[in-house]
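Participant: data.csv (CSV, C-alpha atoms and all ligand atoms) pasted underneath:
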```csv
chain,number,residue,atom,x,y,z
A,1,MET,CA,60.2,142.1,32.4
A,2,LYS,CA,56.7,141.0,31.6
A,3,ARG,CA,57.4,141.2,27.9
A,4,LYS,CA,60.5,139.0,28.4
A,5,LEU,CA,58.7,136.4,30.4
A,6,LEU,CA,55.9,136.2,27.9
A,7,SER,CA,58.5,135.7,25.2
A,8,VAL,CA,60.0,132.8,27.1
A,9,MET,CA,56.5,131.4,27.5
A,10,LEU,CA,55.8,131.7,23.8
A,11,ILE,CA,59.0,130.0,22.9
A,12,ALA,CA,58.0,127.2,25.3
A,13,ALA,CA,54.6,127.1,23.5
A,14,MET,CA,56.3,126.9,20.2
A,15,THR,CA,58.6,124.2,21.3
A,16,ALA,CA,55.7,122.2,22.6
A,17,ALA,CA,53.9,122.8,19.3
A,18,LEU,CA,56.8,121.2,17.5
A,19,THR,CA,56.7,118.1,19.6
A,20,ALA,CA,53.8,115.8,20.0
A,21,CYS,CA,51.3,116.9,22.7
A,22,GLY,CA,49.5,114.6,25.1
A,23,GLY,CA,46.8,115.1,27.6
A,24,SER,CA,43.5,116.7,26.6
A,25,SER,CA,45.0,119.1,24.1
A,26,SER,CA,45.2,118.1,20.5
A,27,SER,CA,47.9,120.2,18.8
A,28,SER,CA,49.0,123.7,18.1
A,29,SER,CA,51.4,125.5,16.0
A,30,THR,CA,53.4,128.6,15.8
A,31,GLU,CA,52.0,131.7,14.2
A,32,GLU,CA,53.3,135.1,13.1
A,33,ALA,CA,52.6,137.1,16.2
A,34,SER,CA,54.0,134.6,18.6
A,35,THR,CA,57.1,134.1,16.4
A,36,GLU,CA,57.7,137.9,16.3
A,37,ALA,CA,57.2,138.3,20.0
A,38,ALA,CA,59.5,135.4,20.7
A,39,GLU,CA,62.2,136.7,18.4
A,40,GLU,CA,62.2,140.0,20.3
A,41,SER,CA,63.9,138.7,23.4
A,42,THR,CA,65.8,135.5,23.8
A,43,ASP,CA,68.8,137.4,25.1
A,44,ASP,CA,69.2,136.5,28.7
A,45,GLY,CA,68.5,133.6,31.0
A,46,GLU,CA,65.0,134.2,32.2
A,47,GLU,CA,63.5,131.8,34.7
A,48,ALA,CA,61.5,129.0,33.3
A,49,ALA,CA,58.0,130.1,32.5
A,50,SER,CA,56.5,127.4,34.7
A,51,THR,CA,57.9,128.9,37.9
A,52,GLU,CA,55.7,132.0,37.4
A,53,SER,CA,52.5,130.0,37.2
A,54,GLY,CA,53.3,128.4,40.6
A,55,GLY,CA,51.4,125.2,39.6
A,56,GLN,CA,48.1,127.1,39.3
A,57,LYS,CA,45.2,125.4,37.6
A,58,VAL,CA,43.1,126.9,34.8
A,59,GLY,CA,39.6,125.7,33.7
A,60,ILE,CA,38.9,126.0,30.0
A,61,SER,CA,35.2,125.5,29.1
A,62,MET,CA,34.4,125.3,25.4
A,63,PRO,CA,30.9,125.0,24.0
A,64,THR,CA,31.1,122.1,21.6
A,65,GLN,CA,33.3,120.0,19.4
A,66,SER,CA,30.7,120.0,16.7
A,67,LEU,CA,31.6,123.4,15.3
A,68,GLU,CA,35.1,123.4,13.9
A,69,ARG,CA,36.6,126.5,15.4
A,70,TRP,CA,36.1,125.5,19.1
A,71,ASN,CA,38.3,122.4,18.6
A,72,ARG,CA,41.1,124.8,17.6
A,73,ASP,CA,40.4,127.3,20.4
A,74,GLY,CA,40.4,124.5,23.0
A,75,ALA,CA,43.6,123.0,21.7
A,76,TYR,CA,45.4,126.3,21.4
A,77,LEU,CA,44.3,127.5,24.9
A,78,ASP,CA,45.2,124.2,26.5
A,79,GLU,CA,48.6,124.1,24.9
A,80,GLN,CA,49.4,127.8,25.6
A,81,PHE,CA,48.5,127.4,29.3
A,82,GLN,CA,50.3,124.1,29.7
A,83,SER,CA,53.4,125.4,28.0
A,84,ALA,CA,53.4,128.3,30.4
A,85,GLY,CA,53.4,125.9,33.3
A,86,TYR,CA,49.7,125.9,34.3
A,87,GLU,CA,47.7,122.8,34.9
A,88,THR,CA,44.6,122.8,32.8
A,89,VAL,CA,41.1,121.3,32.7
A,90,LEU,CA,39.6,121.4,29.3
A,91,THR,CA,35.9,120.5,28.7
A,92,TYR,CA,33.5,120.6,25.8
A,93,SER,CA,29.9,120.7,26.7
A,94,ASP,CA,28.1,119.4,23.6
A,95,ASN,CA,26.2,122.7,23.1
A,96,ASP,CA,24.2,121.7,26.2
A,97,THR,CA,23.9,124.6,28.6
A,98,GLU,CA,23.2,122.4,31.7
A,99,GLN,CA,26.2,120.4,30.9
A,100,GLN,CA,28.4,123.5,30.6
A,101,VAL,CA,27.2,124.7,34.0
A,102,ASN,CA,28.0,121.3,35.4
A,103,ASP,CA,31.4,121.2,33.8
A,104,ILE,CA,32.2,124.6,35.3
A,105,GLN,CA,30.9,123.6,38.7
A,106,ASN,CA,33.2,120.5,38.6
A,107,MET,CA,36.2,122.8,37.7
A,108,LEU,CA,35.4,125.0,40.7
A,109,ALA,CA,35.2,121.9,42.9
A,110,ASP,CA,38.5,120.8,41.5
A,111,GLY,CA,40.0,124.1,42.7
A,112,VAL,CA,40.8,126.0,39.5
A,113,ASP,CA,42.4,129.4,40.1
A,114,LEU,CA,40.9,131.0,36.9
A,115,LEU,CA,38.1,130.2,34.5
A,116,ILE,CA,38.1,130.7,30.7
A,117,VAL,CA,34.6,130.3,29.4
A,118,ALA,CA,33.2,130.4,25.8
A,119,ALA,CA,29.5,130.2,26.8
A,120,ILE,CA,26.9,128.3,24.9
A,121,ASP,CA,24.2,130.6,26.2
A,122,GLY,CA,25.4,133.9,27.7
A,123,GLU,CA,22.2,134.3,29.8
A,124,THR,CA,22.1,130.9,31.6
A,125,MET,CA,25.3,130.8,33.5
A,126,ASN,CA,24.3,132.6,36.7
A,127,THR,CA,24.5,129.5,39.0
A,128,CYS,CA,28.1,128.7,38.2
A,129,MET,CA,29.2,132.3,37.7
A,130,ASN,CA,27.9,133.2,41.1
A,131,GLU,CA,29.7,130.2,42.6
A,132,ALA,CA,32.9,131.4,40.8
A,133,ALA,CA,32.5,134.8,42.3
A,134,GLU,CA,31.9,133.4,45.8
A,135,ALA,CA,35.0,131.2,45.5
A,136,GLY,CA,37.0,134.3,44.3
A,137,VAL,CA,37.8,132.7,41.0
A,138,PRO,CA,38.3,135.2,38.2
A,139,VAL,CA,36.4,134.6,34.9
A,140,ILE,CA,37.6,135.5,31.4
A,141,ALA,CA,34.6,135.4,29.0
A,142,TYR,CA,36.2,133.9,25.9
A,143,ASP,CA,34.9,135.0,22.5
A,144,ARG,CA,31.3,135.1,23.8
A,145,LEU,CA,30.3,137.4,26.6
A,146,ILE,CA,28.4,136.0,29.6
A,147,MET,CA,25.7,138.2,31.2
A,148,ASN,CA,27.0,138.0,34.8
A,149,ASP,CA,29.1,140.4,36.7
A,150,ALA,CA,31.4,137.6,37.9
A,151,VAL,CA,33.1,138.0,34.5
A,152,SER,CA,36.3,140.0,35.0
A,153,TYR,CA,37.4,140.5,31.4
A,154,TYR,CA,36.2,139.7,27.9
A,155,VAL,CA,38.6,138.5,25.1
A,156,SER,CA,37.1,138.4,21.6
A,157,PHE,CA,37.3,139.7,18.1
A,158,ASP,CA,35.6,142.9,17.3
A,159,ASN,CA,32.2,141.3,16.7
A,160,TYR,CA,30.5,144.3,15.2
A,161,THR,CA,33.4,144.8,12.7
A,162,VAL,CA,33.0,141.2,11.6
A,163,GLY,CA,29.5,142.1,10.4
A,164,THR,CA,30.5,145.3,8.8
A,165,LEU,CA,33.3,143.6,6.9
A,166,GLN,CA,30.7,141.1,5.5
A,167,GLY,CA,28.4,144.0,4.5
A,168,GLN,CA,31.1,146.1,3.0
A,169,PHE,CA,32.3,143.1,1.0
A,170,ILE,CA,28.9,142.8,-0.6
A,171,VAL,CA,28.7,146.5,-1.3
A,172,GLU,CA,32.1,146.5,-3.0
A,173,THR,CA,31.9,143.2,-4.8
A,174,LEU,CA,28.6,144.1,-6.4
A,175,ASP,CA,29.5,147.8,-6.7
A,176,LEU,CA,26.2,148.7,-5.1
A,177,ASP,CA,27.0,152.4,-5.1
A,178,ASN,CA,27.0,152.4,-8.9
A,179,ALA,CA,24.2,149.9,-9.4
A,180,GLY,CA,21.8,152.3,-11.0
A,181,ASP,CA,18.5,150.5,-11.5
A,182,THR,CA,20.0,147.0,-11.1
A,183,VAL,CA,18.4,145.1,-8.2
A,184,TYR,CA,20.3,142.3,-6.5
A,185,ASN,CA,18.4,139.6,-4.7
A,186,MET,CA,19.7,138.6,-1.3
A,187,GLU,CA,18.8,136.3,1.6
A,188,ILE,CA,20.1,136.4,5.1
A,189,THR,CA,21.2,133.7,7.6
A,190,ALA,CA,22.2,134.9,11.1
A,191,GLY,CA,23.6,133.1,14.1
A,192,ASP,CA,22.4,131.6,17.4
A,193,PRO,CA,20.2,133.9,19.5
A,194,ALA,CA,21.7,132.4,22.6
A,195,ASP,CA,25.2,133.7,21.6
A,196,ASN,CA,25.7,137.3,22.5
A,197,ASN,CA,27.9,137.7,19.4
A,198,ALA,CA,25.3,136.8,16.9
A,199,GLY,CA,23.4,140.1,17.4
A,200,TYR,CA,26.6,142.1,17.0
A,201,PHE,CA,27.4,140.3,13.7
A,202,TYR,CA,23.9,140.9,12.4
A,203,GLN,CA,23.9,144.5,13.5
A,204,GLY,CA,27.2,145.2,11.7
A,205,GLU,CA,25.9,143.6,8.6
A,206,ILE,CA,22.6,145.4,8.6
A,207,ASP,CA,24.0,148.8,9.4
A,208,VAL,CA,26.1,148.6,6.2
A,209,LEU,CA,23.4,147.0,4.0
A,210,GLN,CA,20.2,148.7,5.2
A,211,PRO,CA,20.6,151.8,3.1
A,212,TYR,CA,20.9,149.6,0.0
A,213,MET,CA,17.8,147.6,1.1
A,214,ASP,CA,15.9,150.8,1.7
A,215,ALA,CA,16.9,152.1,-1.8
A,216,GLY,CA,15.8,148.8,-3.4
A,217,THR,CA,19.2,148.0,-4.7
A,218,LEU,CA,19.2,144.9,-2.4
A,219,ASN,CA,16.0,143.0,-2.3
A,220,VAL,CA,15.3,140.3,0.2
A,221,VAL,CA,12.9,138.3,-1.9
A,222,SER,CA,11.6,136.1,1.0
A,223,GLY,CA,11.0,139.3,3.1
A,224,GLN,CA,12.8,137.5,5.9
A,225,THR,CA,15.1,140.1,7.4
A,226,ASP,CA,14.6,140.4,11.2
A,227,PHE,CA,17.1,138.7,13.4
A,228,ASP,CA,14.7,136.2,15.0
A,229,THR,CA,13.4,135.0,11.7
A,230,VAL,CA,16.8,134.5,10.1
A,231,ALA,CA,18.6,133.2,13.3
A,232,THR,CA,20.1,129.7,13.4
A,233,ASP,CA,19.9,127.8,16.7
A,234,GLY,CA,23.2,126.4,17.8
A,235,TRP,CA,24.8,127.8,14.6
A,236,SER,CA,23.8,124.5,13.1
A,237,THR,CA,24.8,123.7,9.5
A,238,ASP,CA,21.8,121.4,9.2
A,239,THR,CA,19.4,124.0,10.4
A,240,ALA,CA,20.8,126.6,8.0
A,241,LEU,CA,20.6,124.1,5.2
A,242,GLU,CA,17.0,123.3,5.9
A,243,ARG,CA,15.9,126.9,6.0
A,244,ALA,CA,17.9,127.7,2.9
A,245,GLN,CA,16.2,124.8,1.1
A,246,ASN,CA,12.8,126.1,2.2
A,247,VAL,CA,13.5,129.6,1.1
A,248,LEU,CA,14.8,128.4,-2.3
A,249,ALA,CA,11.7,126.2,-2.8
A,250,SER,CA,9.3,129.0,-1.8
A,251,TYR,CA,10.8,132.0,-3.5
A,252,TYR,CA,13.3,131.0,-6.2
A,253,ALA,CA,11.9,127.8,-7.8
A,254,ASP,CA,10.2,130.0,-10.4
A,255,GLY,CA,13.6,131.1,-11.8
A,256,THR,CA,14.0,134.2,-9.7
A,257,GLN,CA,17.7,135.0,-9.6
A,258,LEU,CA,19.5,134.8,-6.2
A,259,ASP,CA,22.6,137.0,-6.1
A,260,VAL,CA,23.7,137.1,-2.5
A,261,TRP,CA,23.3,135.0,0.6
A,262,LEU,CA,24.6,136.8,3.6
A,263,CYS,CA,25.7,134.3,6.2
A,264,SER,CA,27.1,135.3,9.6
A,265,ASN,CA,29.6,132.5,9.9
A,266,ASP,CA,31.1,129.5,8.2
A,267,SER,CA,29.0,126.7,9.8
A,268,THR,CA,25.9,128.4,8.5
A,269,ALA,CA,27.5,129.2,5.2
A,270,LEU,CA,28.3,125.5,4.8
A,271,GLY,CA,24.6,124.6,5.0
A,272,VAL,CA,23.5,127.5,2.7
A,273,ALA,CA,26.2,126.6,0.1
A,274,GLN,CA,25.0,123.1,0.1
A,275,ALA,CA,21.4,124.2,-0.4
A,276,VAL,CA,22.4,126.6,-3.2
A,277,THR,CA,24.5,123.9,-4.9
A,278,SER,CA,21.7,121.3,-4.8
A,279,ASP,CA,18.5,123.2,-4.8
A,280,TYR,CA,19.0,126.5,-6.6
A,281,ALA,CA,17.7,126.5,-10.1
A,282,GLY,CA,19.8,129.4,-11.4
A,283,SER,CA,23.2,129.1,-13.0
A,284,ASN,CA,24.8,132.3,-11.8
A,285,SER,CA,27.3,132.1,-8.9
A,286,VAL,CA,25.8,133.3,-5.6
A,287,LEU,CA,27.9,135.5,-3.4
A,288,ILE,CA,28.0,133.7,0.0
A,289,THR,CA,29.7,135.3,3.1
A,290,GLY,CA,31.1,133.6,6.1
A,291,GLN,CA,33.3,134.0,9.2
A,292,ASP,CA,36.1,131.9,10.8
A,293,GLY,CA,38.2,130.2,8.2
A,294,ASP,CA,37.0,126.7,8.8
A,295,GLU,CA,38.7,124.1,6.6
A,296,ALA,CA,35.6,123.1,4.8
A,297,ASN,CA,34.7,126.7,4.0
A,298,LEU,CA,38.2,127.5,2.8
A,299,ALA,CA,37.8,124.5,0.4
A,300,ASN,CA,34.5,126.0,-0.7
A,301,ILE,CA,36.2,129.3,-1.4
A,302,VAL,CA,38.8,127.5,-3.5
A,303,ASP,CA,35.9,125.8,-5.4
A,304,GLY,CA,34.0,129.0,-5.8
A,305,VAL,CA,31.1,127.8,-3.7
A,306,GLN,CA,31.6,130.4,-1.0
A,307,THR,CA,32.9,133.8,-1.8
A,308,MET,CA,34.6,135.1,1.4
A,309,THR,CA,35.1,134.5,5.0
A,310,VAL,CA,36.0,136.9,7.8
A,311,TYR,CA,39.1,135.2,9.2
A,312,LYS,CA,39.7,135.1,13.0
A,313,ASN,CA,43.1,134.0,14.1
A,314,VAL,CA,42.1,132.0,17.2
A,315,SER,CA,45.7,131.1,18.0
A,316,ASN,CA,46.2,134.9,18.6
A,317,GLU,CA,43.0,134.9,20.7
A,318,SER,CA,44.5,132.2,22.9
A,319,ILE,CA,47.8,134.2,23.2
A,320,VAL,CA,45.9,137.3,24.3
A,321,THR,CA,43.9,135.2,26.8
A,322,LEU,CA,47.1,133.7,28.3
A,323,SER,CA,48.7,137.1,28.7
A,324,LEU,CA,45.6,138.5,30.4
A,325,ALA,CA,45.2,135.4,32.6
A,326,GLN,CA,48.8,135.7,33.8
A,327,ALA,CA,48.3,139.4,34.5
A,328,ILE,CA,45.2,138.6,36.6
A,329,LEU,CA,46.8,135.8,38.5
A,330,ASN,CA,49.9,137.8,39.2
A,331,GLY,CA,47.8,140.7,40.5
A,332,GLU,CA,49.1,143.1,37.8
A,333,THR,CA,47.3,146.3,36.8
A,334,ILE,CA,45.4,145.6,33.6
A,335,ASP,CA,44.9,148.3,31.1
A,336,GLU,CA,45.7,149.1,27.5
A,337,SER,CA,49.4,148.7,28.1
A,338,LEU,CA,49.0,144.9,28.3
A,339,ILE,CA,48.6,144.9,24.6
A,340,ASP,CA,52.3,145.8,24.2
A,341,SER,CA,53.2,142.6,25.9
A,342,PHE,CA,51.7,140.3,23.3
A,343,GLY,CA,52.2,142.5,20.2
A,344,ILE,CA,49.0,141.4,18.5
A,345,ASP,CA,46.6,143.8,16.7
A,346,CYS,CA,44.0,144.3,19.4
A,347,ALA,CA,42.0,147.1,21.1
A,348,TYR,CA,41.3,147.6,24.7
A,349,ASP,CA,37.7,148.6,24.9
A,350,THR,CA,36.0,149.6,28.2
A,351,GLU,CA,32.7,150.8,26.7
A,352,SER,CA,31.2,148.4,24.2
A,353,TYR,CA,30.3,145.4,26.3
A,354,GLU,CA,28.2,145.1,29.5
A,355,THR,CA,27.7,142.1,31.7
A,356,SER,CA,24.6,143.7,33.3
A,357,ASP,CA,22.8,147.0,32.9
A,358,GLY,CA,25.5,149.7,33.2
A,359,ASN,CA,28.2,147.3,34.2
A,360,LYS,CA,30.9,147.6,31.6
A,361,CYS,CA,33.2,144.7,30.9
A,362,PRO,CA,36.8,145.6,30.0
A,363,SER,CA,37.5,143.9,26.7
A,364,PHE,CA,40.4,143.0,24.6
A,365,LEU,CA,39.1,142.9,21.0
A,366,LEU,CA,41.3,141.4,18.2
A,367,VAL,CA,41.0,142.4,14.6
A,368,PRO,CA,39.4,140.2,12.0
A,369,SER,CA,40.3,140.2,8.3
A,370,VAL,CA,38.7,139.3,5.0
A,371,ILE,CA,39.8,136.2,3.1
A,372,THR,CA,38.8,135.4,-0.5
A,373,VAL,CA,40.2,133.2,-3.1
A,374,ASP,CA,42.7,136.0,-4.0
A,375,ASN,CA,44.5,136.1,-0.6
A,376,LEU,CA,43.7,132.7,0.8
A,377,GLU,CA,47.3,131.6,0.5
A,378,GLU,CA,48.3,134.3,3.0
A,379,LEU,CA,46.9,132.0,5.7
A,380,VAL,CA,49.9,129.8,5.2
A,381,ASP,CA,52.0,132.7,6.5
A,382,THR,CA,50.3,132.4,9.9
A,383,GLY,CA,51.9,129.0,10.3
A,384,LEU,CA,48.4,127.6,11.2
A,385,TYR,CA,47.6,126.2,7.7
A,386,GLU,CA,49.6,124.4,5.0
A,387,MET,CA,48.7,124.1,1.4
A,388,GLY,CA,47.9,120.5,0.4
A,389,ASP,CA,48.9,119.0,-2.9
A,390,ASP,CA,45.3,119.0,-3.8
A,391,GLY,CA,45.2,122.9,-3.6
A,392,TYR,CA,43.2,123.0,-0.4
A,393,LEU,CA,44.4,124.5,2.9
A,394,LYS,CA,44.8,122.1,5.8
A,395,ALA,CA,45.0,123.2,9.4
A,396,VAL,CA,48.5,122.3,10.7
A,397,GLN,CA,48.0,119.5,13.2
A,401,LIG,C1,32.0,132.9,17.2
A,401,LIG,C2,32.1,132.7,15.7
A,401,LIG,C3,31.6,131.3,15.4
A,401,LIG,C4,30.2,131.0,16.1
A,401,LIG,C5,29.8,129.6,15.9
A,401,LIG,C6,30.6,132.7,17.6
A,401,LIG,O1,30.4,133.0,19.0
A,401,LIG,O2,32.4,134.3,17.5
A,401,LIG,O3,33.5,132.8,15.4
A,401,LIG,O4,31.5,131.1,14.1
A,401,LIG,O5,30.2,131.4,17.4
A,401,LIG,O6,30.8,128.7,16.4
```
Would you mind writing the structure in this file as structure tokens?
Ligand code: BGC
Facilitator:
Amino acid sequence: MKRKLLSVMLIAAMTAALTACGGSSSSSSTEEASTEAAEESTDDGEEAASTESGGQKVGISMPTQSLERWNRDGAYLDEQFQSAGYETVLTYSDNDTEQQVNDIQNMLADGVDLLIVAAIDGETMNTCMNEAAEAGVPVIAYDRLIMNDAVSYYVSFDNYTVGTLQGQFIVETLDLDNAGDTVYNMEITAGDPADNNAGYFYQGEIDVLQPYMDAGTLNVVSGQTDFDTVATDGWSTDTALERAQNVLASYYADGTQLDVWLCSNDSTALGVAQAVTSDYAGSNSVLITGQDGDEANLANIVDGVQTMTVYKNVSNESIVTLSLAQAILNGETIDESLIDSFGIDCAYDTESYETSDGNKCPSFLLVPSVITVDNLEELVDTGLYEMGDDGYLKAVQ
């Protein structure tokens, strides 16, 4: 029953995606998983999806519009929930933690039945999270965990795996296991320390690469390896650019060859790629990693300026979130079997994440994948991108 209802909702979402959208959402599109799920059952006359939601209201709090992916997340979530018959309130908080707390307090005052929050800072949400708990409003931590037990569930990608995919890509591309005496020079740029994910990405990367650093096969010329030193406040492209320029000026201006710049995500990779393009004296191409599949970075991959990105299908993340929210609001039992209803590659993990010491947060973790120039066109199959005449992928509007 649940599976059929979800399918109807997904069809509604797809229909809405094909027509112009108003309100606070921008636009969305179909993607493989939703298409498959929808195709599975269109056989009988289910009730309209909107009747199940009973006019409930969902607050969607996104961190900022200045980083590309959150615009997509916000739009997909807004559209998924509206298409399923929910009223939505969508806010972006300009990467300002106080504003996000305010935005959430306003949602609670507005009587939302459920909150979906991608936190700017997972540690500074106690005021509004406690208020949500007092009001009995369930909270789904979206993509980034919040350190407060008011959080009922966490939906994200497997953050640690994102880091290991980046590390393994470097190992395989440079064939580090057969490097012999060759030494590859590397620099590292990590994410925002306020974002709980950033440490997971970094740890995944380092766990794969540390043995090669210890063996001297990978040499971080600047010596800057610890998370706090290589972190990037707010995941800012400009901050990453500035630090990369400083590192290049201080350690590579003498002609030292740079082989790899490990970047935790696309917004930082954008800054690093810019610095390498304008400030690096060498003529070799530098392997640069990323994460997300932002349009500008996909263009850089086509141009050979960035080497790979760990792609996260955030449309699927919004589908998983809708499914979970419906189960919560309908008082259903939530466990691994929920995954069957949305048919997206995802793990139910009750061990890896804690909202406070010892308090595990049940998590639905989607699976990221590696995109390079060789398989970039596969993104078109998701329905979320189209290939432009200029050879660059564009997000479908
Ligand atoms: C997300 C990444 C994103 C970064 C900056 C992280 O929390 O998981 O996908 O690149 O924030 O927006």
Participant: For each of A:Asn148, A:Ala141, A:Glu68, A:Ser278, take the minimum atom-to-atom distance to Asp266 of chain A, counting all atoms listed in the file, then give the residue where this is smallest.
Facilitator: A:Glu68
Participant: Sorted by chain and rising residue number, which residues of chain A lie within 8 Å of ligand LIG 401 (chain A), and what are their closest atom pairs and distances in Å to one decimal, counting all atoms listed in the file, as CSV?
Facilitator:
```
residue,atom,partner,partner_atom,distance
A:Leu67,CA,A:LIG401,O6,5.5
A:Glu68,CA,A:LIG401,O6,7.3
A:Arg69,CA,A:LIG401,O6,6.3
A:Trp70,CA,A:LIG401,O6,6.8
A:Ala118,CA,A:LIG401,O1,7.8
A:Asp143,CA,A:LIG401,O2,5.6
A:Arg144,CA,A:LIG401,O1,5.3
A:Ser156,CA,A:LIG401,O2,7.5
A:Phe157,CA,A:LIG401,O2,7.3
A:Asn159,CA,A:LIG401,O2,7.0
A:Gly191,CA,A:LIG401,C4,7.2
A:Asp192,CA,A:LIG401,O5,7.8
A:Asp195,CA,A:LIG401,O1,5.9
A:Asn196,CA,A:LIG401,O1,7.3
A:Asn197,CA,A:LIG401,O1,5.3
A:Ala198,CA,A:LIG401,O1,6.7
A:Gly234,CA,A:LIG401,C5,7.6
A:Trp235,CA,A:LIG401,C5,5.5
A:Ser264,CA,A:LIG401,O4,7.6
A:Asn265,CA,A:LIG401,O4,4.8
A:Asp266,CA,A:LIG401,O4,6.1
A:Ser267,CA,A:LIG401,O4,6.6
A:Gln291,CA,A:LIG401,O4,6.0
A:Asp292,CA,A:LIG401,O3,5.4
A:Lys312,CA,A:LIG401,O3,7.0
```
Participant: Figure out the distance between atom CA of Gly122 of chain A and atom CA of Gly136 of chain A, please, to one decimal in Å.
Facilitator: 20.3 Å
Participant: With distances taken over all atoms listed in the file, which of A:Leu376, A:Val101, A:Val276, A:Ala249 is nearest to Pro63 of chain A?
Facilitator: A:Val101
Participant: Please provide the set of residues having any atom within 7 Å of Tyr154 of chain A, restricted to only C-alpha atoms, with same-chain residues fewer than 2 positions apart removed, written as a list of chain:residue names.
Facilitator: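 After dropping sequence-adjacent residues, the list is A:Ile140, A:Ala141, A:Tyr142, A:Leu145, A:Ser156, A:Cys361, A:Pro362, A:Ser363, A:Phe364.
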Participant: Please indicate the distance in Å from atom CA of Met62 of chain A to atom CA of Asp94 of chain A, rounded to one decimal place.
Facilitator: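 Atom-to-atom, atom CA of Met62 of chain A and atom CA of Asp94 of chain A are spaced 8.8 Å apart.
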Participant: Which polymer residues have any atom within 8 Å of an atom of segment 163-172 of chain A, counting all atoms listed in the file, with same-chain residues fewer than 5 positions away left out, as number ranges by chain?
Facilitator: A: 177, 200-209, 260, 262, 264, 287, 289-290, 309-310, 369-370
Participant: Kindly save the residues from that selection, with C-alpha atoms included, as an mmCIF file, keeping the file's coordinate frame.
Facilitator:
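The resulting file, selection-v4.cif, is reproduced below:
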```cif
data_model
loop_
_atom_site.group_PDB
_atom_site.id
_atom_site.type_symbol
_atom_site.label_atom_id
_atom_site.label_comp_id
_atom_site.auth_asym_id
_atom_site.auth_seq_id
_atom_site.Cartn_x
_atom_site.Cartn_y
_atom_site.Cartn_z
ATOM 1 C CA ASP A 177 27.000 152.400 -5.100
ATOM 2 C CA TYR A 200 26.600 142.100 17.000
ATOM 3 C CA PHE A 201 27.400 140.300 13.700
ATOM 4 C CA TYR A 202 23.900 140.900 12.400
ATOM 5 C CA GLN A 203 23.900 144.500 13.500
ATOM 6 C CA GLY A 204 27.200 145.200 11.700
ATOM 7 C CA GLU A 205 25.900 143.600 8.600
ATOM 8 C CA ILE A 206 22.600 145.400 8.600
ATOM 9 C CA ASP A 207 24.000 148.800 9.400
ATOM 10 C CA VAL A 208 26.100 148.600 6.200
ATOM 11 C CA LEU A 209 23.400 147.000 4.000
ATOM 12 C CA VAL A 260 23.700 137.100 -2.500
ATOM 13 C CA LEU A 262 24.600 136.800 3.600
ATOM 14 C CA SER A 264 27.100 135.300 9.600
ATOM 15 C CA LEU A 287 27.900 135.500 -3.400
ATOM 16 C CA THR A 289 29.700 135.300 3.100
ATOM 17 C CA GLY A 290 31.100 133.600 6.100
ATOM 18 C CA THR A 309 35.100 134.500 5.000
ATOM 19 C CA VAL A 310 36.000 136.900 7.800
ATOM 20 C CA SER A 369 40.300 140.200 8.300
ATOM 21 C CA VAL A 370 38.700 139.300 5.000
#
```
